[in-house]
$ cat run37.cif   # mmCIF, C-alpha atoms
data_start
#
loop_
_atom_site.group_PDB
_atom_site.id
_atom_site.type_symbol
_atom_site.label_atom_id
_atom_site.label_comp_id
_atom_site.auth_asym_id
_atom_site.auth_seq_id
_atom_site.Cartn_x
_atom_site.Cartn_y
_atom_site.Cartn_z
ATOM 1 C CA MET A 726 -10.395 -5.666 -5.477
ATOM 2 C CA GLN A 727 -8.007 -2.734 -5.387
ATOM 3 C CA LYS A 728 -4.449 -2.679 -4.009
ATOM 4 C CA TYR A 729 -2.498 0.365 -2.815
ATOM 5 C CA CYS A 730 0.971 0.852 -1.364
ATOM 6 C CA LEU A 731 1.825 3.897 0.703
ATOM 7 C CA ALA A 732 4.974 5.183 2.417
ATOM 8 C CA LEU A 733 5.729 7.331 5.442
ATOM 9 C CA ASP A 734 8.753 7.938 7.652
ATOM 10 C CA LEU A 735 9.072 7.660 11.391
ATOM 11 C CA LYS A 736 11.119 10.121 13.390
ATOM 12 C CA GLU A 737 14.643 8.740 13.726
ATOM 13 C CA ASP A 738 14.481 8.115 17.445
ATOM 14 C CA PRO A 739 14.817 4.480 18.599
ATOM 15 C CA GLN A 740 12.525 4.998 21.603
ATOM 16 C CA LEU A 741 9.785 6.647 19.524
ATOM 17 C CA MET A 742 10.093 3.933 16.875
ATOM 18 C CA ALA A 743 9.705 1.234 19.545
ATOM 19 C CA GLU A 744 6.647 3.020 20.982
ATOM 20 C CA TYR A 745 5.093 3.283 17.508
ATOM 21 C CA LYS A 746 5.535 -0.456 16.956
ATOM 22 C CA ALA A 747 4.087 -1.186 20.415
ATOM 23 C CA HIS A 748 0.969 0.867 19.593
ATOM 24 C CA HIS A 749 0.491 -1.272 16.492
ATOM 25 C CA GLN A 750 0.477 -4.423 18.588
ATOM 26 C CA LYS A 751 -2.603 -3.024 20.386
ATOM 27 C CA VAL A 752 -4.483 -0.975 17.784
ATOM 28 C CA TRP A 753 -7.649 0.470 19.282
ATOM 29 C CA PRO A 754 -10.796 -1.490 18.325
ATOM 30 C CA GLU A 755 -12.438 1.704 17.027
ATOM 31 C CA ILE A 756 -9.567 2.129 14.555
ATOM 32 C CA ILE A 757 -9.893 -1.454 13.302
ATOM 33 C CA GLN A 758 -13.643 -0.931 12.910
ATOM 34 C CA SER A 759 -13.180 2.328 10.974
ATOM 35 C CA ILE A 760 -10.689 0.677 8.623
ATOM 36 C CA LYS A 761 -13.072 -2.180 7.859
ATOM 37 C CA GLU A 762 -16.079 0.135 7.476
ATOM 38 C CA SER A 763 -14.221 2.109 4.793
ATOM 39 C CA GLY A 764 -13.987 -0.985 2.585
ATOM 40 C CA ILE A 765 -10.415 -1.998 3.425
ATOM 41 C CA THR A 766 -10.159 -5.784 3.619
ATOM 42 C CA LEU A 767 -6.413 -6.089 4.280
ATOM 43 C CA LEU A 768 -3.960 -3.586 5.727
ATOM 44 C CA ASP A 769 -0.320 -4.504 6.407
ATOM 45 C CA ILE A 770 2.428 -2.173 7.600
ATOM 46 C CA TYR A 771 6.109 -3.008 7.065
ATOM 47 C CA ASN A 772 9.167 -1.217 8.409
ATOM 48 C CA VAL A 773 12.822 -0.856 7.418
ATOM 49 C CA GLY A 774 14.945 1.725 9.218
ATOM 50 C CA ASN A 775 12.594 4.631 9.737
ATOM 51 C CA ARG A 776 10.651 4.035 6.496
ATOM 52 C CA MET A 777 7.167 2.576 6.743
ATOM 53 C CA PHE A 778 5.281 0.808 3.951
ATOM 54 C CA MET A 779 1.533 0.191 4.077
ATOM 55 C CA ILE A 780 -0.195 -2.269 1.772
ATOM 56 C CA ILE A 781 -3.961 -1.970 1.460
ATOM 57 C CA GLU A 782 -6.413 -4.238 -0.309
ATOM 58 C CA ALA A 783 -9.903 -2.814 -0.565
ATOM 59 C CA ASP A 784 -13.234 -3.532 -2.164
ATOM 60 C CA ASP A 785 -14.183 -1.891 -5.444
ATOM 61 C CA ASP A 786 -16.197 0.859 -3.695
ATOM 62 C CA PHE A 787 -13.224 2.071 -1.624
ATOM 63 C CA SER A 788 -11.750 5.528 -2.207
ATOM 64 C CA PHE A 789 -9.294 7.599 -0.204
ATOM 65 C CA LYS A 790 -11.678 10.531 -0.474
ATOM 66 C CA LYS A 791 -14.483 8.511 1.130
ATOM 67 C CA LYS A 792 -12.087 7.203 3.812
ATOM 68 C CA ALA A 793 -10.932 10.749 4.611
ATOM 69 C CA ALA A 794 -14.534 11.944 4.975
ATOM 70 C CA LEU A 795 -15.339 9.057 7.335
ATOM 71 C CA ASP A 796 -12.174 9.736 9.352
ATOM 72 C CA GLU A 797 -12.928 13.459 9.686
ATOM 73 C CA GLY A 798 -16.218 12.643 11.368
ATOM 74 C CA ASN A 799 -14.723 10.087 13.769
ATOM 75 C CA ALA A 800 -13.286 11.586 16.975
ATOM 76 C CA LYS A 801 -11.485 8.359 17.926
ATOM 77 C CA VAL A 802 -9.746 8.181 14.538
ATOM 78 C CA GLN A 803 -8.682 11.813 14.942
ATOM 79 C CA GLU A 804 -7.323 11.037 18.416
ATOM 80 C CA TRP A 805 -5.350 8.072 17.000
ATOM 81 C CA GLU A 806 -3.992 10.155 14.108
ATOM 82 C CA ASP A 807 -2.874 12.909 16.496
ATOM 83 C CA LEU A 808 -1.123 10.316 18.672
ATOM 84 C CA MET A 809 0.577 8.674 15.674
ATOM 85 C CA TRP A 810 1.870 12.025 14.400
ATOM 86 C CA LYS A 811 4.063 12.127 17.538
ATOM 87 C CA PHE A 812 6.068 9.292 15.935
ATOM 88 C CA GLN A 813 5.685 10.050 12.232
ATOM 89 C CA GLN A 814 7.273 12.565 9.915
ATOM 90 C CA ALA A 815 6.317 13.428 6.382
ATOM 91 C CA LEU A 816 8.413 12.247 3.488
ATOM 92 C CA PRO A 817 10.782 14.981 2.261
ATOM 93 C CA TRP A 818 8.701 15.648 -0.879
ATOM 94 C CA ALA A 819 5.294 15.608 0.865
ATOM 95 C CA LYS A 820 3.002 18.610 0.761
ATOM 96 C CA SER A 821 2.193 20.397 3.994
ATOM 97 C CA GLY A 822 0.002 18.180 6.205
ATOM 98 C CA GLU A 823 0.438 15.126 3.965
ATOM 99 C CA LYS A 824 1.239 11.925 5.833
ATOM 100 C CA TRP A 825 1.036 8.520 4.159
ATOM 101 C CA MET A 826 1.848 8.982 0.458
ATOM 102 C CA LEU A 827 0.523 6.745 -2.288
ATOM 103 C CA MET A 828 3.306 4.926 -4.119
ATOM 104 C CA GLU A 829 3.446 4.378 -7.860
ATOM 105 C CA LYS A 830 3.443 0.757 -9.009
ATOM 106 C CA ILE A 831 6.315 0.294 -11.452
ATOM 107 C CA PHE A 832 6.504 -3.509 -11.811
ATOM 108 C CA GLU A 833 4.325 -6.575 -11.454
ATOM 109 C CA LEU A 834 5.389 -10.191 -11.923
ATOM 110 C CA LYS A 835 2.575 -12.266 -13.410
#

$ encode --input "run37.cif" --output "structure tokens"
Amino acid sequence: MQKYCLALDLKEDPQLMAEYKAHHQKVWPEIIQSIKESGITLLDIYNVGNRMFMIIEADDDFSFKKKAALDEGNAKVQEWEDLMWKFQQALPWAKSGEKWMLMEKIFELK
């Protein structure tokens, strides 16, 4: 089992933020299917202000490279990503075109 945390910002517009949250109450079935098919077993998204945090648990065969390749070939995923970009904005230090950014784990309580 692998665990990843990622971050992304939303545009600071209360109406857009509310719409984004509403979309995530009714995620398209094709998106759920694509997530599961990539090897992701748990995906949670948290929000504070305009900052979003995503926590992913995935099987040992999961990789972001493999997920990206699957997503590129899936028209419905591309449609969803285009729609979500209406609400999202890259973190200030993101490279061009980079959306969700992988966070570095700096502490773990055992």

$ closest_residue --input "run37.cif" --among "A:Asn772, A:Ser821, A:Gln758, A:Asn799" --to "Leu731 of chain A" --atoms "all atoms listed in the file"
A:Asn772

$ atom_distance --input "run37.cif" --atom1 "atom CA of Asp734 of chain A" --atom2 "atom CA of Gly798 of chain A"
25.7 Å

$ atom_distance --input "run37.cif" --atom1 "atom CA of Ala815 of chain A" --atom2 "atom CA of Leu827 of chain A"
12.4 Å

$ atom_distance --input "run37.cif" --atom1 "atom CA of Phe787 of chain A" --atom2 "atom CA of Gln727 of chain A"
8.0 Å

$ resolve_selection --input "run37.cif" --expression "the PyMOL selection byres ((chain A and resi 816) around 10)" --output "PyMOL selection string"
chain A and resi 732-735+776+813-815+817-820+823-826

$ resolve_selection --input "run37.cif" --expression "the PyMOL selection byres ((chain A and resi 728) around 6)" --output "NGL selection string"
:A and (727 or 729 or 781-782)

$ resolve_selection --input "run37.cif" --expression "the PyMOL selection byres ((chain A and resi 745) around 9)" --output "PyMOL selection string"
chain A and resi 735+740-744+746-749+809+811-813

$ write_last_selection --input "run37.cif" --atoms "C-alpha atoms" --output "PDB file, in the coordinates of the input"
ATOM      1  CA  LEU A 735       9.072   7.660  11.391  1.00  0.00           C
ATOM      2  CA  GLN A 740      12.525   4.998  21.603  1.00  0.00           C
ATOM      3  CA  LEU A 741       9.785   6.647  19.524  1.00  0.00           C
ATOM      4  CA  MET A 742      10.093   3.933  16.875  1.00  0.00           C
ATOM      5  CA  ALA A 743       9.705   1.234  19.545  1.00  0.00           C
ATOM      6  CA  GLU A 744       6.647   3.020  20.982  1.00  0.00           C
ATOM      7  CA  LYS A 746       5.535  -0.456  16.956  1.00  0.00           C
ATOM      8  CA  ALA A 747       4.087  -1.186  20.415  1.00  0.00           C
ATOM      9  CA  HIS A 748       0.969   0.867  19.593  1.00  0.00           C
ATOM     10  CA  HIS A 749       0.491  -1.272  16.492  1.00  0.00           C
ATOM     11  CA  MET A 809       0.577   8.674  15.674  1.00  0.00           C
ATOM     12  CA  LYS A 811       4.063  12.127  17.538  1.00  0.00           C
ATOM     13  CA  PHE A 812       6.068   9.292  15.935  1.00  0.00           C
ATOM     14  CA  GLN A 813       5.685  10.050  12.232  1.00  0.00           C
TER      15      GLN A 813
END

$ residues_around --input "run37.cif" --residues "Cys730 of chain A" --least-positions-apart "4" --cutoff "8 Å" --atoms "only C-alpha atoms" --output "ChimeraX atom specification"
/A:778-781,827-829

$ closest_residue --input "run37.cif" --among "A:Gly764, A:Lys751, A:Ile756, A:Asp784" --to "Glu804 of chain A" --atoms "all atoms listed in the file"
A:Ile756

$ closest_residue --input "run37.cif" --among "A:Lys835, A:Ala793, A:Leu768, A:Lys761" --to "Glu806 of chain A" --atoms "all atoms listed in the file"
A:Ala793

$ closest_residue --input "run37.cif" --among "A:Ile757, A:Ile765, A:Val752, A:Leu834" --to "Phe789 of chain A" --atoms "only C-alpha atoms"
A:Ile765

$ closest_residue --input "run37.cif" --among "A:Thr766, A:Met726, A:Ser759, A:Trp753" --to "Leu808 of chain A" --atoms "all atoms listed in the file"
A:Trp753

$ closest_residue --input "run37.cif" --among "A:Ser763, A:Pro739, A:Gly774, A:Gly822" --to "Lys790 of chain A" --atoms "all atoms listed in the file"
A:Ser763

$ axis_aligned_box --input "run37.cif" --around "segment 831-834 of chain A" --padding-each-side "6 Å" --output "AutoDock Vina command-line options"
--center_x 5.4 --center_y -4.9 --center_z -11.7 --size_x 14.2 --size_y 22.5 --size_z 12.5

$ decode --input "run37.cif" --residues "segment 781-801 of chain A" --atoms "N, CA, C and O atoms" --output "mmCIF file, in the first residue's frame"
data_model
loop_
_atom_site.group_PDB
_atom_site.id
_atom_site.type_symbol
_atom_site.label_atom_id
_atom_site.label_comp_id
_atom_site.auth_asym_id
_atom_site.auth_seq_id
_atom_site.Cartn_x
_atom_site.Cartn_y
_atom_site.Cartn_z
ATOM 1 N N ILE A 781 -4.330 10.066 -1.177
ATOM 2 C CA ILE A 781 -4.518 8.874 -2.005
ATOM 3 C C ILE A 781 -3.852 7.691 -1.331
ATOM 4 O O ILE A 781 -2.699 7.794 -0.886
ATOM 5 N N GLU A 782 -4.572 6.573 -1.269
ATOM 6 C CA GLU A 782 -3.967 5.289 -0.939
ATOM 7 C C GLU A 782 -4.128 4.427 -2.178
ATOM 8 O O GLU A 782 -5.196 4.405 -2.798
ATOM 9 N N ALA A 783 -3.056 3.741 -2.533
ATOM 10 C CA ALA A 783 -3.063 2.970 -3.781
ATOM 11 C C ALA A 783 -2.322 1.659 -3.584
ATOM 12 O O ALA A 783 -1.486 1.520 -2.685
ATOM 13 N N ASP A 784 -2.632 0.721 -4.479
ATOM 14 C CA ASP A 784 -1.948 -0.569 -4.413
ATOM 15 C C ASP A 784 -0.485 -0.408 -4.832
ATOM 16 O O ASP A 784 -0.069 0.657 -5.304
ATOM 17 N N ASP A 785 0.282 -1.448 -4.637
ATOM 18 C CA ASP A 785 1.727 -1.370 -4.873
ATOM 19 C C ASP A 785 2.094 -1.190 -6.341
ATOM 20 O O ASP A 785 3.218 -0.794 -6.653
ATOM 21 N N ASP A 786 1.176 -1.485 -7.262
ATOM 22 C CA ASP A 786 1.445 -1.325 -8.694
ATOM 23 C C ASP A 786 1.122 0.073 -9.212
ATOM 24 O O ASP A 786 1.409 0.391 -10.360
ATOM 25 N N PHE A 787 0.530 0.923 -8.374
ATOM 26 C CA PHE A 787 0.140 2.264 -8.807
ATOM 27 C C PHE A 787 1.365 3.133 -9.088
ATOM 28 O O PHE A 787 2.364 3.078 -8.376
ATOM 29 N N SER A 788 1.248 3.967 -10.132
ATOM 30 C CA SER A 788 2.231 5.027 -10.372
ATOM 31 C C SER A 788 1.507 6.198 -11.028
ATOM 32 O O SER A 788 0.530 6.007 -11.757
ATOM 33 N N PHE A 789 1.980 7.395 -10.764
ATOM 34 C CA PHE A 789 1.382 8.578 -11.380
ATOM 35 C C PHE A 789 1.602 8.580 -12.888
ATOM 36 O O PHE A 789 0.758 9.068 -13.645
ATOM 37 N N LYS A 790 2.707 8.006 -13.317
ATOM 38 C CA LYS A 790 2.981 7.912 -14.749
ATOM 39 C C LYS A 790 1.945 7.019 -15.433
ATOM 40 O O LYS A 790 1.402 7.366 -16.487
ATOM 41 N N LYS A 791 1.657 5.878 -14.826
ATOM 42 C CA LYS A 791 0.649 4.963 -15.372
ATOM 43 C C LYS A 791 -0.731 5.612 -15.354
ATOM 44 O O LYS A 791 -1.479 5.529 -16.324
ATOM 45 N N LYS A 792 -1.057 6.314 -14.265
ATOM 46 C CA LYS A 792 -2.350 7.001 -14.150
ATOM 47 C C LYS A 792 -2.481 8.068 -15.232
ATOM 48 O O LYS A 792 -3.524 8.194 -15.880
ATOM 49 N N ALA A 793 -1.417 8.828 -15.460
ATOM 50 C CA ALA A 793 -1.445 9.872 -16.491
ATOM 51 C C ALA A 793 -1.665 9.278 -17.873
ATOM 52 O O ALA A 793 -2.426 9.819 -18.683
ATOM 53 N N ALA A 794 -1.026 8.156 -18.157
ATOM 54 C CA ALA A 794 -1.195 7.497 -19.464
ATOM 55 C C ALA A 794 -2.632 7.014 -19.642
ATOM 56 O O ALA A 794 -3.217 7.175 -20.725
ATOM 57 N N LEU A 795 -3.211 6.434 -18.589
ATOM 58 C CA LEU A 795 -4.609 6.000 -18.658
ATOM 59 C C LEU A 795 -5.540 7.196 -18.869
ATOM 60 O O LEU A 795 -6.473 7.134 -19.667
ATOM 61 N N ASP A 796 -5.269 8.283 -18.150
ATOM 62 C CA ASP A 796 -6.113 9.481 -18.249
ATOM 63 C C ASP A 796 -6.044 10.121 -19.631
ATOM 64 O O ASP A 796 -7.056 10.593 -20.150
ATOM 65 N N GLU A 797 -4.860 10.125 -20.231
ATOM 66 C CA GLU A 797 -4.700 10.716 -21.568
ATOM 67 C C GLU A 797 -5.559 10.016 -22.601
ATOM 68 O O GLU A 797 -6.046 10.648 -23.532
ATOM 69 N N GLY A 798 -5.764 8.725 -22.432
ATOM 70 C CA GLY A 798 -6.546 7.956 -23.382
ATOM 71 C C GLY A 798 -8.033 7.882 -23.050
ATOM 72 O O GLY A 798 -8.771 7.149 -23.702
ATOM 73 N N ASN A 799 -8.473 8.625 -22.042
ATOM 74 C CA ASN A 799 -9.861 8.566 -21.602
ATOM 75 C C ASN A 799 -10.527 9.924 -21.828
ATOM 76 O O ASN A 799 -10.276 10.882 -21.096
ATOM 77 N N ALA A 800 -11.391 10.003 -22.828
ATOM 78 C CA ALA A 800 -12.035 11.271 -23.199
ATOM 79 C C ALA A 800 -12.871 11.840 -22.055
ATOM 80 O O ALA A 800 -12.916 13.062 -21.859
ATOM 81 N N LYS A 801 -13.524 10.987 -21.290
ATOM 82 C CA LYS A 801 -14.370 11.468 -20.188
ATOM 83 C C LYS A 801 -13.508 12.074 -19.081
ATOM 84 O O LYS A 801 -13.872 13.105 -18.502
#
